[in-house]
Each structure stands twice: as structure tokens, then as C-alpha cells.
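Content type PDB, C-alpha atoms, pLDDT in the B column, from the file input-v2.pdb:
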```
ATOM      1  CA  MET E  51     115.114 110.937  74.664  1.00 69.00           C
ATOM      2  CA  LEU E  52     117.147 107.868  75.683  1.00 71.00           C
ATOM      3  CA  GLY E  53     118.848 109.826  78.455  1.00 74.00           C
ATOM      4  CA  ARG E  54     115.503 111.034  79.788  1.00 80.00           C
ATOM      5  CA  THR E  55     114.121 107.478  79.751  1.00 83.00           C
ATOM      6  CA  LEU E  56     117.133 106.089  81.601  1.00 90.00           C
ATOM      7  CA  ALA E  57     116.924 108.892  84.165  1.00 87.00           C
ATOM      8  CA  TRP E  58     113.235 108.126  84.746  1.00 88.00           C
ATOM      9  CA  LEU E  59     113.932 104.398  85.094  1.00 92.00           C
ATOM     10  CA  LEU E  60     116.645 105.076  87.683  1.00 93.00           C
ATOM     11  CA  MET E  61     114.402 107.496  89.534  1.00 92.00           C
ATOM     12  CA  THR E  62     111.566 104.947  89.466  1.00 94.00           C
ATOM     13  CA  LEU E  63     113.774 102.200  90.835  1.00 96.00           C
ATOM     14  CA  LEU E  64     115.002 104.387  93.696  1.00 96.00           C
ATOM     15  CA  ALA E  65     111.507 105.677  94.466  1.00 96.00           C
ATOM     16  CA  LEU E  66     109.991 102.189  94.606  1.00 96.00           C
ATOM     17  CA  LEU E  67     112.829 100.866  96.746  1.00 96.00           C
ATOM     18  CA  VAL E  68     112.406 103.641  99.290  1.00 96.00           C
ATOM     19  CA  ALA E  69     108.605 103.252  99.216  1.00 96.00           C
ATOM     20  CA  CYS E  70     108.997  99.534  99.941  1.00 95.00           C
ATOM     21  CA  TYR E  71     111.467 100.367 102.711  1.00 93.00           C
ATOM     22  CA  ALA E  72     108.944 102.739 104.304  1.00 94.00           C
ATOM     23  CA  MET E  73     106.228 100.095 104.168  1.00 94.00           C
ATOM     24  CA  ALA E  74     108.609  97.563 105.685  1.00 93.00           C
ATOM     25  CA  LEU E  75     109.190  99.955 108.576  1.00 90.00           C
ATOM     26  CA  LEU E  76     105.455  99.960 109.156  1.00 90.00           C
ATOM     27  CA  GLY E  77     104.804  96.260 108.772  1.00 88.00           C
ATOM     28  CA  VAL E  78     107.943  94.644 110.204  1.00 88.00           C
ATOM     29  CA  PRO E  79     108.849  95.947 113.680  1.00 85.00           C
ATOM     30  CA  GLU E  80     112.082  93.940 113.729  1.00 84.00           C
ATOM     31  CA  PHE E  81     113.222  95.864 110.636  1.00 84.00           C
ATOM     32  CA  ARG E  82     113.037  99.269 112.339  1.00 87.00           C
ATOM     33  CA  PRO E  83     116.223 101.088 113.345  1.00 86.00           C
ATOM     34  CA  SER E  84     116.355 102.656 116.808  1.00 82.00           C
ATOM     35  CA  LEU E  85     115.194 106.098 115.636  1.00 81.00           C
ATOM     36  CA  VAL E  86     112.099 104.638 113.979  1.00 86.00           C
ATOM     37  CA  ARG E  87     111.363 102.444 116.994  1.00 89.00           C
ATOM     38  CA  THR E  88     111.425 105.562 119.148  1.00 86.00           C
ATOM     39  CA  LEU E  89     109.095 107.415 116.786  1.00 86.00           C
ATOM     40  CA  MET E  90     106.647 104.521 116.614  1.00 90.00           C
ATOM     41  CA  SER E  91     106.705 104.264 120.392  1.00 88.00           C
ATOM     42  CA  GLU E  92     106.301 107.959 121.216  1.00 89.00           C
ATOM     43  CA  ARG E  93     104.211 109.215 118.255  1.00 90.00           C
ATOM     44  CA  PRO E  94     102.735 106.110 116.594  1.00 92.00           C
ATOM     45  CA  ILE E  95      99.904 107.809 114.692  1.00 95.00           C
ATOM     46  CA  ALA E  96     102.052 110.586 113.223  1.00 94.00           C
ATOM     47  CA  ALA E  97     104.875 108.167 112.381  1.00 93.00           C
ATOM     48  CA  ALA E  98     102.540 105.670 110.697  1.00 95.00           C
ATOM     49  CA  ALA E  99     100.806 108.427 108.721  1.00 96.00           C
ATOM     50  CA  HIS E 100     104.148 109.838 107.614  1.00 96.00           C
ATOM     51  CA  PHE E 101     105.661 106.551 106.471  1.00 95.00           C
ATOM     52  CA  GLY E 102     102.451 105.315 104.858  1.00 96.00           C
ATOM     53  CA  GLY E 103     101.511 108.585 103.171  1.00 96.00           C
ATOM     54  CA  SER E 104     105.030 109.261 101.950  1.00 96.00           C
ATOM     55  CA  ALA E 105     105.377 105.742 100.557  1.00 96.00           C
ATOM     56  CA  LEU E 106     102.078 106.111  98.690  1.00 97.00           C
ATOM     57  CA  ALA E 107     103.059 109.494  97.223  1.00 97.00           C
ATOM     58  CA  LEU E 108     106.509 108.275  96.240  1.00 96.00           C
ATOM     59  CA  ALA E 109     105.277 105.084  94.555  1.00 96.00           C
ATOM     60  CA  ILE E 110     102.508 106.886  92.650  1.00 95.00           C
ATOM     61  CA  GLY E 111     104.216 110.179  91.890  1.00 94.00           C
ATOM     62  CA  VAL E 112     107.016 108.682  89.836  1.00 93.00           C
ATOM     63  CA  PHE E 113     104.445 107.333  87.363  1.00 93.00           C
ATOM     64  CA  GLN E 114     102.377 110.531  87.375  1.00 92.00           C
ATOM     65  CA  ILE E 115     105.237 112.595  85.970  1.00 88.00           C
ATOM     66  CA  ASN E 116     105.830 110.198  83.071  1.00 84.00           C
ATOM     67  CA  GLY E 117     104.405 111.879  79.966  1.00 83.00           C
ATOM     68  CA  TRP E 118     104.030 108.648  77.969  1.00 84.00           C
ATOM     69  CA  LEU E 119     101.921 107.024  80.689  1.00 84.00           C
ATOM     70  CA  ARG E 120      99.979 110.182  81.388  1.00 84.00           C
ATOM     71  CA  VAL E 121      98.778 110.460  77.799  1.00 84.00           C
ATOM     72  CA  ARG E 122      97.857 106.804  77.330  1.00 86.00           C
ATOM     73  CA  LEU E 123      96.246 106.118  80.708  1.00 88.00           C
ATOM     74  CA  VAL E 124      94.250 109.280  81.336  1.00 86.00           C
ATOM     75  CA  GLY E 125      91.687 107.693  83.654  1.00 89.00           C
ATOM     76  CA  ALA E 126      94.345 105.972  85.746  1.00 89.00           C
ATOM     77  CA  HIS E 127      96.337 109.205  85.850  1.00 91.00           C
ATOM     78  CA  ARG E 128      93.378 111.055  87.328  1.00 92.00           C
ATOM     79  CA  TRP E 129      92.641 108.477  90.022  1.00 93.00           C
ATOM     80  CA  MET E 130      96.296 108.031  90.880  1.00 94.00           C
ATOM     81  CA  GLY E 131      96.543 111.807  91.145  1.00 94.00           C
ATOM     82  CA  ARG E 132      93.857 111.810  93.812  1.00 95.00           C
ATOM     83  CA  LEU E 133      95.709 109.091  95.727  1.00 96.00           C
ATOM     84  CA  TYR E 134      98.938 111.072  95.380  1.00 97.00           C
ATOM     85  CA  VAL E 135      97.302 114.146  96.923  1.00 97.00           C
ATOM     86  CA  ALA E 136      95.962 112.012  99.780  1.00 97.00           C
ATOM     87  CA  GLY E 137      99.419 110.545 100.369  1.00 97.00           C
ATOM     88  CA  VAL E 138     101.050 113.972 100.436  1.00 98.00           C
ATOM     89  CA  ALA E 139      98.373 115.306 102.786  1.00 97.00           C
ATOM     90  CA  ALA E 140      98.966 112.460 105.255  1.00 97.00           C
ATOM     91  CA  GLY E 141     102.741 112.464 104.876  1.00 97.00           C
ATOM     92  CA  GLY E 142     103.094 116.244 104.910  1.00 97.00           C
ATOM     93  CA  VAL E 143     100.937 117.073 107.917  1.00 97.00           C
ATOM     94  CA  SER E 144     102.409 114.244 109.980  1.00 96.00           C
ATOM     95  CA  GLY E 145     105.900 115.123 108.758  1.00 96.00           C
ATOM     96  CA  PHE E 146     105.479 118.675 110.023  1.00 97.00           C
ATOM     97  CA  LEU E 147     104.318 117.432 113.424  1.00 95.00           C
ATOM     98  CA  LEU E 148     107.252 115.035 113.658  1.00 94.00           C
ATOM     99  CA  ALA E 149     109.701 117.747 112.564  1.00 94.00           C
ATOM    100  CA  VAL E 150     108.744 120.328 115.180  1.00 90.00           C
ATOM    101  CA  GLN E 151     108.802 117.677 117.912  1.00 84.00           C
ATOM    102  CA  SER E 152     112.023 115.962 116.867  1.00 80.00           C
ATOM    103  CA  SER E 153     115.225 115.910 118.894  1.00 74.00           C
ATOM    104  CA  GLY E 154     117.520 116.639 115.953  1.00 78.00           C
ATOM    105  CA  GLY E 155     118.132 120.251 116.919  1.00 88.00           C
ATOM    106  CA  VAL E 156     116.652 123.533 115.750  1.00 93.00           C
ATOM    107  CA  VAL E 157     118.370 123.526 112.346  1.00 94.00           C
ATOM    108  CA  ALA E 158     117.169 120.027 111.476  1.00 94.00           C
ATOM    109  CA  GLN E 159     113.697 120.751 112.850  1.00 95.00           C
ATOM    110  CA  ALA E 160     113.405 123.866 110.690  1.00 96.00           C
ATOM    111  CA  GLY E 161     114.680 122.064 107.598  1.00 96.00           C
ATOM    112  CA  PHE E 162     112.194 119.216 107.809  1.00 96.00           C
ATOM    113  CA  ALA E 163     109.338 121.519 108.862  1.00 97.00           C
ATOM    114  CA  TRP E 164     109.872 123.746 105.825  1.00 97.00           C
ATOM    115  CA  LEU E 165     110.083 120.668 103.623  1.00 98.00           C
ATOM    116  CA  ALA E 166     106.655 119.590 104.880  1.00 97.00           C
ATOM    117  CA  VAL E 167     105.174 123.065 104.352  1.00 98.00           C
ATOM    118  CA  CYS E 168     106.565 123.372 100.812  1.00 98.00           C
ATOM    119  CA  TRP E 169     105.488 119.818  99.970  1.00 98.00           C
ATOM    120  CA  LEU E 170     101.910 120.501 101.042  1.00 98.00           C
ATOM    121  CA  ALA E 171     101.833 123.907  99.339  1.00 98.00           C
ATOM    122  CA  THR E 172     103.164 122.753  95.959  1.00 98.00           C
ATOM    123  CA  THR E 173     100.775 119.801  95.896  1.00 98.00           C
ATOM    124  CA  PHE E 174      97.813 121.976  96.831  1.00 97.00           C
ATOM    125  CA  LEU E 175      98.673 124.427  94.043  1.00 97.00           C
ATOM    126  CA  ALA E 176      99.040 121.591  91.531  1.00 96.00           C
ATOM    127  CA  TYR E 177      95.621 120.251  92.490  1.00 95.00           C
ATOM    128  CA  ARG E 178      94.053 123.695  92.471  1.00 96.00           C
ATOM    129  CA  HIS E 179      95.344 124.423  88.972  1.00 96.00           C
ATOM    130  CA  ILE E 180      94.038 121.184  87.493  1.00 94.00           C
ATOM    131  CA  LEU E 181      90.602 121.825  89.003  1.00 93.00           C
ATOM    132  CA  ALA E 182      90.704 125.202  87.249  1.00 93.00           C
ATOM    133  CA  GLY E 183      91.686 123.514  83.973  1.00 91.00           C
ATOM    134  CA  ASN E 184      95.157 125.080  83.847  1.00 93.00           C
ATOM    135  CA  VAL E 185      97.123 122.032  82.703  1.00 92.00           C
ATOM    136  CA  ALA E 186     100.441 123.823  82.112  1.00 91.00           C
ATOM    137  CA  ALA E 187     100.528 125.288  85.626  1.00 94.00           C
ATOM    138  CA  HIS E 188      99.366 121.956  87.053  1.00 95.00           C
ATOM    139  CA  ARG E 189     102.305 120.144  85.483  1.00 93.00           C
ATOM    140  CA  GLN E 190     104.778 122.738  86.704  1.00 94.00           C
ATOM    141  CA  TRP E 191     103.572 122.506  90.283  1.00 96.00           C
ATOM    142  CA  MET E 192     103.476 118.719  90.091  1.00 95.00           C
ATOM    143  CA  ILE E 193     107.138 118.710  89.059  1.00 95.00           C
ATOM    144  CA  ARG E 194     107.907 120.827  92.117  1.00 96.00           C
ATOM    145  CA  SER E 195     105.747 118.622  94.319  1.00 97.00           C
ATOM    146  CA  PHE E 196     107.389 115.395  93.217  1.00 97.00           C
ATOM    147  CA  ALA E 197     110.840 116.934  93.582  1.00 97.00           C
ATOM    148  CA  LEU E 198     109.965 117.370  97.256  1.00 97.00           C
ATOM    149  CA  THR E 199     108.458 113.883  97.455  1.00 97.00           C
ATOM    150  CA  PHE E 200     111.766 112.571  96.127  1.00 97.00           C
ATOM    151  CA  ALA E 201     113.492 114.069  99.185  1.00 97.00           C
ATOM    152  CA  ALA E 202     112.677 110.729 100.825  1.00 96.00           C
ATOM    153  CA  VAL E 203     115.161 109.183  98.402  1.00 97.00           C
ATOM    154  CA  THR E 204     117.885 111.823  98.525  1.00 97.00           C
ATOM    155  CA  LEU E 205     117.727 111.781 102.324  1.00 95.00           C
ATOM    156  CA  ARG E 206     118.565 108.081 102.299  1.00 93.00           C
ATOM    157  CA  LEU E 207     121.414 108.640  99.868  1.00 95.00           C
ATOM    158  CA  TYR E 208     123.005 111.486 101.817  1.00 96.00           C
ATOM    159  CA  ILE E 209     122.913 109.870 105.263  1.00 93.00           C
ATOM    160  CA  PRO E 210     125.102 106.825 104.425  1.00 94.00           C
ATOM    161  CA  ALA E 211     127.313 109.017 102.229  1.00 96.00           C
ATOM    162  CA  SER E 212     127.932 111.347 105.176  1.00 95.00           C
ATOM    163  CA  GLN E 213     128.744 108.392 107.431  1.00 93.00           C
ATOM    164  CA  ILE E 214     131.219 107.027 104.901  1.00 95.00           C
ATOM    165  CA  ALA E 215     132.786 110.494 104.728  1.00 94.00           C
ATOM    166  CA  GLY E 216     133.197 110.445 108.504  1.00 93.00           C
ATOM    167  CA  ILE E 217     131.002 113.489 109.190  1.00 94.00           C
ATOM    168  CA  PRO E 218     129.563 113.462 112.730  1.00 93.00           C
ATOM    169  CA  PHE E 219     125.916 112.454 112.534  1.00 89.00           C
ATOM    170  CA  PRO E 220     124.444 115.525 114.318  1.00 89.00           C
ATOM    171  CA  VAL E 221     126.311 117.845 111.936  1.00 92.00           C
ATOM    172  CA  ALA E 222     125.405 115.814 108.858  1.00 93.00           C
ATOM    173  CA  TYR E 223     121.762 115.433 109.880  1.00 92.00           C
ATOM    174  CA  ALA E 224     121.280 119.164 110.326  1.00 93.00           C
ATOM    175  CA  ALA E 225     122.704 119.827 106.865  1.00 95.00           C
ATOM    176  CA  ILE E 226     120.827 116.955 105.204  1.00 95.00           C
ATOM    177  CA  ALA E 227     117.532 118.290 106.588  1.00 95.00           C
ATOM    178  CA  TRP E 228     117.965 121.076 104.021  1.00 97.00           C
ATOM    179  CA  LEU E 229     120.113 119.391 101.373  1.00 97.00           C
ATOM    180  CA  CYS E 230     117.659 116.534 100.845  1.00 97.00           C
ATOM    181  CA  TRP E 231     115.103 118.891  99.274  1.00 97.00           C
ATOM    182  CA  ILE E 232     116.469 122.310  98.277  1.00 97.00           C
ATOM    183  CA  PRO E 233     118.688 120.978  95.434  1.00 97.00           C
ATOM    184  CA  ASN E 234     115.729 118.851  94.277  1.00 97.00           C
ATOM    185  CA  LEU E 235     113.562 121.952  94.082  1.00 97.00           C
ATOM    186  CA  LEU E 236     116.244 123.896  92.218  1.00 97.00           C
ATOM    187  CA  LEU E 237     116.544 121.047  89.706  1.00 95.00           C
ATOM    188  CA  ALA E 238     112.761 121.067  89.294  1.00 95.00           C
ATOM    189  CA  GLU E 239     112.858 124.788  88.507  1.00 95.00           C
ATOM    190  CA  TRP E 240     115.546 124.185  85.906  1.00 93.00           C
ATOM    191  CA  ILE E 241     113.473 121.427  84.284  1.00 91.00           C
ATOM    192  CA  ILE E 242     110.432 123.701  84.214  1.00 92.00           C
ATOM    193  CA  ARG E 243     112.422 126.519  82.616  1.00 90.00           C
ATOM    194  CA  ILE E 244     113.962 124.408  79.845  1.00 86.00           C
ATOM    195  CA  SER E 245     110.618 122.716  79.197  1.00 77.00           C
ATOM    196  CA  ALA E 246     109.118 126.139  78.516  1.00 62.00           C
ATOM    197  CA  TRP E 247     111.570 126.830  75.686  1.00 49.00           C
ATOM    198  CA  PRO E 248     110.187 126.308  72.163  1.00 42.00           C
ATOM    199  CA  GLY E 249     110.968 122.847  70.841  1.00 38.00           C
ATOM    200  CA  THR E 250     112.091 121.399  74.169  1.00 37.00           C
ATOM    201  CA  GLY E 251     110.602 119.584  77.133  1.00 42.00           C
ATOM    202  CA  PRO E 252     107.686 117.142  77.349  1.00 42.00           C
ATOM    203  CA  GLU E 253     104.888 116.794  74.847  1.00 41.00           C
ATOM    204  CA  ARG E 254     102.219 119.455  74.713  1.00 41.00           C
ATOM    205  CA  LEU E 255      98.653 118.173  74.533  1.00 39.00           C
ATOM    206  CA  PRO E 256      95.166 119.623  74.824  1.00 42.00           C
ATOM    207  CA  ALA E 257      93.928 119.973  78.380  1.00 42.00           C
ATOM    208  CA  THR E 258      91.080 117.532  77.792  1.00 38.00           C
ATOM    209  CA  ARG E 259      93.544 114.692  77.198  1.00 40.00           C
ATOM    210  CA  SER E 260      95.909 115.227  80.103  1.00 40.00           C
ATOM    211  CA  ALA E 261      93.942 116.779  82.943  1.00 41.00           C
ATOM    212  CA  THR E 262      94.115 115.010  86.273  1.00 41.00           C
TER     213      THR E 262
END
```

Would you put the structure from the file into C-alpha cells?
Amino acid sequence: MLGRTLAWLLMTLLALLVACYAMALLGVPEFRPSLVRTLMSERPIAAAAHFGGSALALAIGVFQINGWLRVRLVGAHRWMGRLYVAGVAAGGVSGFLLAVQSSGGVVAQAGFAWLAVCWLATTFLAYRHILAGNVAAHRQWMIRSFALTFAAVTLRLYIPASQIAGIPFPVAYAAIAWLCWIPNLLLAEWIIRISAWPGTGPERLPATRSAT
């Protein structure tokens, strides 16, 4: 239990830092690196929607997956869930448009485009299941969805790590376009599997108490 709490606190800290960074990119032009300045200049609407929507989903999603908060703040959980879906919709659609139009090469374009597609799909399925009253399936798809949301964090961990390692940026960027989200999704699947074992995983509650 202590290890899970510490892991969530670390994840929350990283998620909020990256969300604040994304909002700073939107609100403080002087803070933008050259790549972001180019995006905001050439595709301002898509770039703003991506940064804003992704920041919203990242900041909200980390609290949505916390079982303790979910049980005790049911009303807030439901409304925050709606905001999370809106953030993913804005960030995912704009992210796909930015990916297919980016200059990072075909491999990087494909990696980020598939991330956007999977992000939208997992979130849609999570929302669909909770509307149908299937809480267990909703939670599983939300774990997958937030694992993809968290790619915004892993991306920003891998890029400086690759630079420190001396890997040429074009090579590293193409690999990171896939590495920032596929391991996250595999970890999510592992968490879902162990949570399904008897006596393990998060609390199990009636659907009426935990539905979004």
C-alpha cells in the first residue's frame, strides 16, 4: 500500500509539472522552444488545442485513477471525468493532425499518429462502458487511457535522456515517438491483469458508488 501511494504521488507530481509546462507554452510566448514557436506560427489552432487539451487531461486524469479519491468524491469524480474526456478529445484530434503534418519523418509521424488514435479510442471505450453501467470495464479502459495520457510525461523524460546519451536527435525522436507510449500501455495491461486476481488490486465497490 505504501509503495502504491508513493508511486501515485510521484506520478502526480510529474503529471502536474508537465501540465503546468504545457500551459506555460500557451500563455508565455517567450518560454516556447523553437519547435513550439514553429507549431504555434504554422498551426496555431491545432497546437493550442493539443497543449491545452493534453494539459487538462493530464492534470485531471491523475486524480481520476486514485481509488481513495474516487470513492469519497463521487460527484467530483463524475464531473472531472467529463472534463477529462473533453481534454482527450481536444488533445487527441489535434495531436493526430499535428502528427501527420509534422516534419519529424515517417516513423515519428506514425508513432505519434497511432498514439493519438489509441488515446481517443481507449477514452471513448472507457466513457462508453460507464454510460452502460459497466464499472469494471470502465476502470480498465481508463487505466489504458491515462497510460497514454502519461506519454506526455515519458516523452519529456526520454528526450533529455537521449541527448545526455549522445543519441542524434532525429534518431532518438523517431524511437521516442513509439517508446513514450507503448511501454506505458504494456504496464497498464500488467496492472489490469494483476488487479483482476483475487485479493489483489484496487478496492471493489458497487457500481452506484463509483460510476463516472

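Atom pair atom CA of E:Gln190 / atom CA of E:Val135 has a distance of 15.3 Å (rounded to one decimal).
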
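Atom CA of E:Cys230 to atom CA of E:Thr204 spans 5.3 Å [interatomic distance, one decimal].
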
Counting all atoms listed in the file, which residues in stretch 161-244 of chain E sit no more than 12 Å from stretch 85-102 of chain E? For each one, give the nearest pair of atoms and the distance in Å, sorted by chain then residue number, as a Markdown table.
```
| residue | atom | partner | partner_atom | distance |
| --- | --- | --- | --- | --- |
| E:Ala166 | CA | E:His100 | CA | 10.4 |
| E:Thr199 | CA | E:His100 | CA | 11.8 |
| E:Ala202 | CA | E:Phe101 | CA | 9.9 |
```

Go ahead and dump the residues you just picked, C-alpha atoms, as a CSV table (one decimal), in the coordinates of the input.
```csv
chain,number,residue,atom,x,y,z
E,166,ALA,CA,106.7,119.6,104.9
E,199,THR,CA,108.5,113.9,97.5
E,202,ALA,CA,112.7,110.7,100.8
```

Once you add 4 Å to each side, what are the centre and edge lengths of the axis-aligned box holding all listed atoms of stretch 87-91 of chain E? One decimal in Å, as AutoDock Vina command-line options, if you can.
```
--center_x 109.0 --center_y 104.9 --center_z 118.5 --size_x 12.8 --size_y 13.0 --size_z 11.8
```

**Item:** Polymer residues at most 8 Å from E:Gly137, only C-alpha atoms, same-chain spacing of 2 or more positions, as number ranges by chain
**Value:** E: 102-107, 133-135, 139-141
